[in-house]
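Report on one structure; see the data block that follows.
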Amino acid sequence: MQTRAKRFLVLAILLAAGVSYCSAAFNRYYLGVAIDVGINIILAVSLNLINGHTGQFSLGHAGFMAVGGYTAAAITLALGPRAPGLLTGLWFAVALLAGGLLAAVAGLAVGIPTLRLRGDYLAIVTLGFGEIIRVILQNMECVGAASGLSGIPERTTLFWAFGLAAVTVYVVGCLVSSTYGRGFIAVHDDEIAASASGINPTRYKVTAFVIGAFFAGIAGGLFAHHKLFLSPTNFDFMKSIDIVVMVILGGMGRTGGVILAAIVLTLLPEFLRPFAEYRMIIYSLLIIGLMIARPQGLFGFGRRKTA
């Protein structure tokens with residue numbers, strides 16, 4: 001299993017590098033949509049670790065994304081222009097890592113106080129966290145406040161988006177399949193029984209929040225250097241809902257299904273653009289219909305891993 005996963009990771013990164021090398025010949029609109037797909041895969045798979053595998057219910061993923069996005073953008077704006085051309089990629093990697101680490105700290109800050117909460121109560125707390133982050137950013141003059149942060153250099157490519165998406169899938173997949181990772185599934189199935197069998201639910205819940213927030217922060221950094229402009233409105237409540245819908249539609253705890261759902265839900269609004277003002281209404285109705293027809297998830301094939 002580990003060998004197969006490593007082969008998948010190497011193949012995915014090489015494929016992303018090869019396609020990215022030829023991306024200059026691609027239509028910029030389709031290229032931008034493809035990068036959006038890669039970013040959404042990172043977001044959906046990382047949230048699936050929290051909501052799907054560990055059984056928590058977080059609505060604060062957009063907040064973690066905002067922390068990572070603004071941190072990475074601030075670093076590249078401060079240091080990127082001074083770096084020689086050969087070091088541009090290195091600075092970008094450092095900025096993404098810093099954004100991910102700061103988002104992980106935010107995940108730790110959310111995870112520890114909410115250990116006793118679950119279900120709707122946890123969702124309300126994480127929703128509140130996301131809104132707090134958005135309001136703080138909206139009033140921080142150093143990052144543009146409500147006017148937003150502009151002038152961000154374009155750094156995100158197909159290689160970065162899909163290479164890091166492959167890393168996210170690899171890390172989450174190996175973690176859940178490992179002996180340690182079985183604790184996430186045990187906490188999901190029955191927290192009381194897991195505690196009685198010697199598993200510490202606190203450790204696994206906090207770990208899930210930290211790892212999920214880390215990858216959400218990296219996705220935020222990719223988003224910032226893809227859109228080249230950040231506004232607090234990019235990370236509002238509806239952004240968190242979009243990511244949650246991807247996880248639910250793909251099938252909770254099913255990584256393959258979540259990936260496919262992220263792809264479908266990123267492309268679907270683009271296919272509906274000819275309908276202009278009715279686009280989002282049709283999009284919403286399609287999602288409602290799909291969830292009525294497939295409550296276990298549109299791509300909820302196979303069995304979810306069990307402890």
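Following the order of the structure tokens, first chain is A, next is B, and so on, with residues numbered from 1 inside each chain and ligands from 1 in the order they appear.
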Next on the checklist: Set the distance at 7 Å and use only C-alpha atoms: which residues neighbour segment 119-130 of chain A once local chain neighbours fewer than 5 positions away are removed? I'd like the list as a PyMOL selection string.
Outcome noted: chain A and resi 56-60+62-63+114
I need the chosen residues saved as a PDB file, in the first residue's frame, with C-alpha atoms.
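Output (part_30.pdb):
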```pdb
ATOM      1  CA  GLN A  56     -16.139  16.347  13.409  1.00  0.00           C
ATOM      2  CA  PHE A  57     -18.141  19.067  11.678  1.00  0.00           C
ATOM      3  CA  SER A  58     -16.088  22.125  10.849  1.00  0.00           C
ATOM      4  CA  LEU A  59     -17.381  25.208   9.037  1.00  0.00           C
ATOM      5  CA  GLY A  60     -14.192  27.206   9.488  1.00  0.00           C
ATOM      6  CA  ALA A  62     -12.363  29.292   4.772  1.00  0.00           C
ATOM      7  CA  GLY A  63     -10.848  30.942   7.849  1.00  0.00           C
ATOM      8  CA  THR A 114     -13.598  22.942  21.251  1.00  0.00           C
TER       9      THR A 114
END
```
Next on the checklist: For Ala95 of chain A, find every residue with an atom within 10 Å (counting only C-alpha atoms), except residues of its own chain fewer than 5 positions away, and show them as a PyMOL selection string.
Outcome noted: chain A and resi 68-77+79-80+89-90+100-101+218+221-222
Convert the current residue selection to file output with C-alpha atoms, as a short mmCIF file (atom, residue, chain, number, x, y, z; two decimals), in the first residue's frame.
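Output contents, as saved in out35.cif:
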```cif
data_model
loop_
_atom_site.label_atom_id
_atom_site.label_comp_id
_atom_site.auth_asym_id
_atom_site.auth_seq_id
_atom_site.Cartn_x
_atom_site.Cartn_y
_atom_site.Cartn_z
CA GLY A 68 -2.61 30.95 4.80
CA GLY A 69 -3.48 33.14 1.83
CA TYR A 70 -2.77 36.46 3.48
CA THR A 71 0.41 35.16 5.15
CA ALA A 72 1.85 33.77 1.90
CA ALA A 73 0.91 36.90 -0.03
CA ALA A 74 2.50 39.18 2.58
CA ILE A 75 5.76 37.22 2.44
CA THR A 76 6.04 37.24 -1.35
CA LEU A 77 5.16 40.93 -1.48
CA LEU A 79 10.63 39.43 -0.05
CA GLY A 80 9.75 38.08 -3.48
CA GLY A 89 10.26 29.39 -6.72
CA LEU A 90 12.08 28.89 -3.42
CA GLY A 100 0.34 26.53 6.07
CA LEU A 101 2.14 26.61 9.43
CA ILE A 218 -1.40 26.08 1.60
CA GLY A 221 -1.50 30.64 -0.57
CA LEU A 222 -2.03 29.04 -3.98
#
```
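Among the candidates A:Ile112, A:Val37, A:Leu47, A:Ala104, the one nearest to Met252 of chain A when counting only C-alpha atoms is A:Leu47.
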Checklist entry - Between atom CA of Lys227 of chain A and atom CA of Arg134 of chain A, what is the spacing in Å? => result 17.9 Å
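Per DSSP on the backbone, strand (DSSP E or B) in segment 63-278 of chain A comprises A:Leu149, A:Ser150, A:Phe229, A:Leu230.
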Next on the checklist: Give me the residues near His188 of chain A as number ranges by chain, where near means some atom within 7 Å (using only C-alpha atoms) and where sequence neighbours in that chain fewer than 6 positions away do not count.
Outcome noted: A: 53-55
For the residues in the current selection, export C-alpha atoms as a tab-separated table (two decimals), in the first residue's frame.
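Output file again_2.tsv is given in full below:
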```
chain	number	residue	atom	x	y	z
A	53	HIS	CA	-12.54	10.51	8.70
A	54	THR	CA	-12.63	11.98	12.22
A	55	GLY	CA	-16.37	12.69	12.38
```
Checklist entry - Could you pull the residues within 10 Å of Ile136 of chain A, counting only C-alpha atoms, minus those fewer than 3 positions along the same chain, as a PyMOL selection string? => result chain A and resi 131-133+139-141+145-146+232
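For the residues A:Ser23, A:Thr255, A:Ser46, A:Asn40, ranking by smallest atom-to-atom distance to Ser177 of chain A using only C-alpha atoms places A:Thr255 first.
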Item to check | Leu267 of chain A environment, 9 Å, only C-alpha atoms, sequence neighbours closer than 4 positions dropped, as JSON, numbers by chain | outcome: {"A": [33, 34, 37, 262, 263, 271, 272]}
Using N, CA and C atoms, can you write the selected residues to a file as a compact mmCIF listing (two decimals), in the first residue's frame?
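The file below, part11.txt, is the result:
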```
# COMPACT_ATOMS: atom_id res chain seq x y z
N VAL A 33 -9.21 27.65 -14.76
CA VAL A 33 -10.20 26.73 -14.19
C VAL A 33 -9.50 25.46 -13.71
N ALA A 34 -8.52 24.97 -14.46
CA ALA A 34 -7.79 23.77 -14.05
C ALA A 34 -7.05 24.00 -12.74
N VAL A 37 -9.41 23.80 -9.92
CA VAL A 37 -9.70 22.40 -9.60
C VAL A 37 -8.66 21.85 -8.63
N ALA A 262 -14.97 17.46 -5.93
CA ALA A 262 -14.29 18.76 -6.06
C ALA A 262 -14.13 19.14 -7.52
N ILE A 263 -13.81 18.17 -8.37
CA ILE A 263 -13.67 18.44 -9.80
C ILE A 263 -15.02 18.83 -10.40
N PHE A 271 -19.74 25.34 -16.75
CA PHE A 271 -20.60 24.82 -17.81
C PHE A 271 -21.95 25.54 -17.85
N LEU A 272 -22.34 26.09 -16.70
CA LEU A 272 -23.64 26.77 -16.61
C LEU A 272 -23.56 28.26 -16.94
```
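Distances here use only C-alpha atoms; by that measure, the residue among A:Ala213, A:Val245, A:Ala293, A:Val171 closest to Leu9 of chain A is A:Val171.
Every protein or nucleic acid residue with an atom no more than 9 Å from Ser150 of chain A, counting only C-alpha atoms and leaving out same-chain residues fewer than 5 positions away, appears here: Val143, Gly144, Leu228, Phe229, Leu230 and Ser231 of chain A.
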Grab the residues selected above and save them as a JSON list (two decimals), in the first residue's frame with C-alpha atoms.
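Heads up, here's the output in selection13.json:
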```json
[["chain", "number", "residue", "atom", "x", "y", "z"],
["A", 143, "VAL", "CA", -3.19, 43.94, 4.40],
["A", 144, "GLY", "CA", -5.53, 46.35, 2.64],
["A", 228, "LEU", "CA", -3.46, 38.04, -7.60],
["A", 229, "PHE", "CA", -5.90, 39.85, -5.30],
["A", 230, "LEU", "CA", -7.30, 39.01, -1.89],
["A", 231, "SER", "CA", -10.38, 40.39, -0.21]]
```
Item to check | Polymer residues at most 6 Å from Ala16 of chain A, only C-alpha atoms, same-chain spacing of 3 or more positions, as a list in words | outcome: Ile13, Val19, Ser20, Phe159, Phe162 and Gly163 of chain A
Output for the residues just chosen: N, CA and C atoms as a compact mmCIF listing (two decimals), in the first residue's frame:
```
# COMPACT_ATOMS: atom_id res chain seq x y z
N ILE A 13 3.22 14.03 -9.53
CA ILE A 13 4.08 15.21 -9.56
C ILE A 13 4.76 15.35 -10.91
N VAL A 19 2.75 18.69 -17.71
CA VAL A 19 1.63 19.48 -18.23
C VAL A 19 1.88 20.97 -17.99
N SER A 20 2.42 21.31 -16.82
CA SER A 20 2.70 22.71 -16.51
C SER A 20 3.73 23.29 -17.46
N PHE A 159 1.69 23.01 -12.02
CA PHE A 159 2.61 22.16 -11.24
C PHE A 159 2.40 22.34 -9.75
N PHE A 162 -1.48 21.08 -8.77
CA PHE A 162 -1.72 19.64 -8.79
C PHE A 162 -0.62 18.85 -8.09
N GLY A 163 0.60 19.39 -8.06
CA GLY A 163 1.65 18.74 -7.29
C GLY A 163 1.33 18.72 -5.81
```
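The residue that comes closest to Ile243 of chain A, out of A:Leu158, A:Val45, A:Val67, A:Ala12 and on the basis of only C-alpha atoms, is A:Val45.
One finds atom CA of Leu285 of chain A at 15.4 Å from atom CA of Ile241 of chain A.
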Item to check | DSSP-assigned helix (DSSP H, G or I) among segment 12-163 of chain A, expressed as a PyMOL selection string | outcome: chain A and resi 12-21+23-25+28-53+61-82+85-111+119-138+141-143+145-147+158-163
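Remark: for Leu175 of chain A, the closest of the candidate residues A:Ala103, A:Ile292, A:Ala219, A:Ala208 is A:Ala208 (distances computed over only C-alpha atoms).
Here atom CA of Val264 of chain A stands at a distance of 21.7 Å from atom CA of Phe8 of chain A.
Distance annotation: of A:Ile282, A:Val176, A:Leu290, A:Val94, the residue with the minimal separation from Tyr204 of chain A is A:Val176; atom set is only C-alpha atoms.
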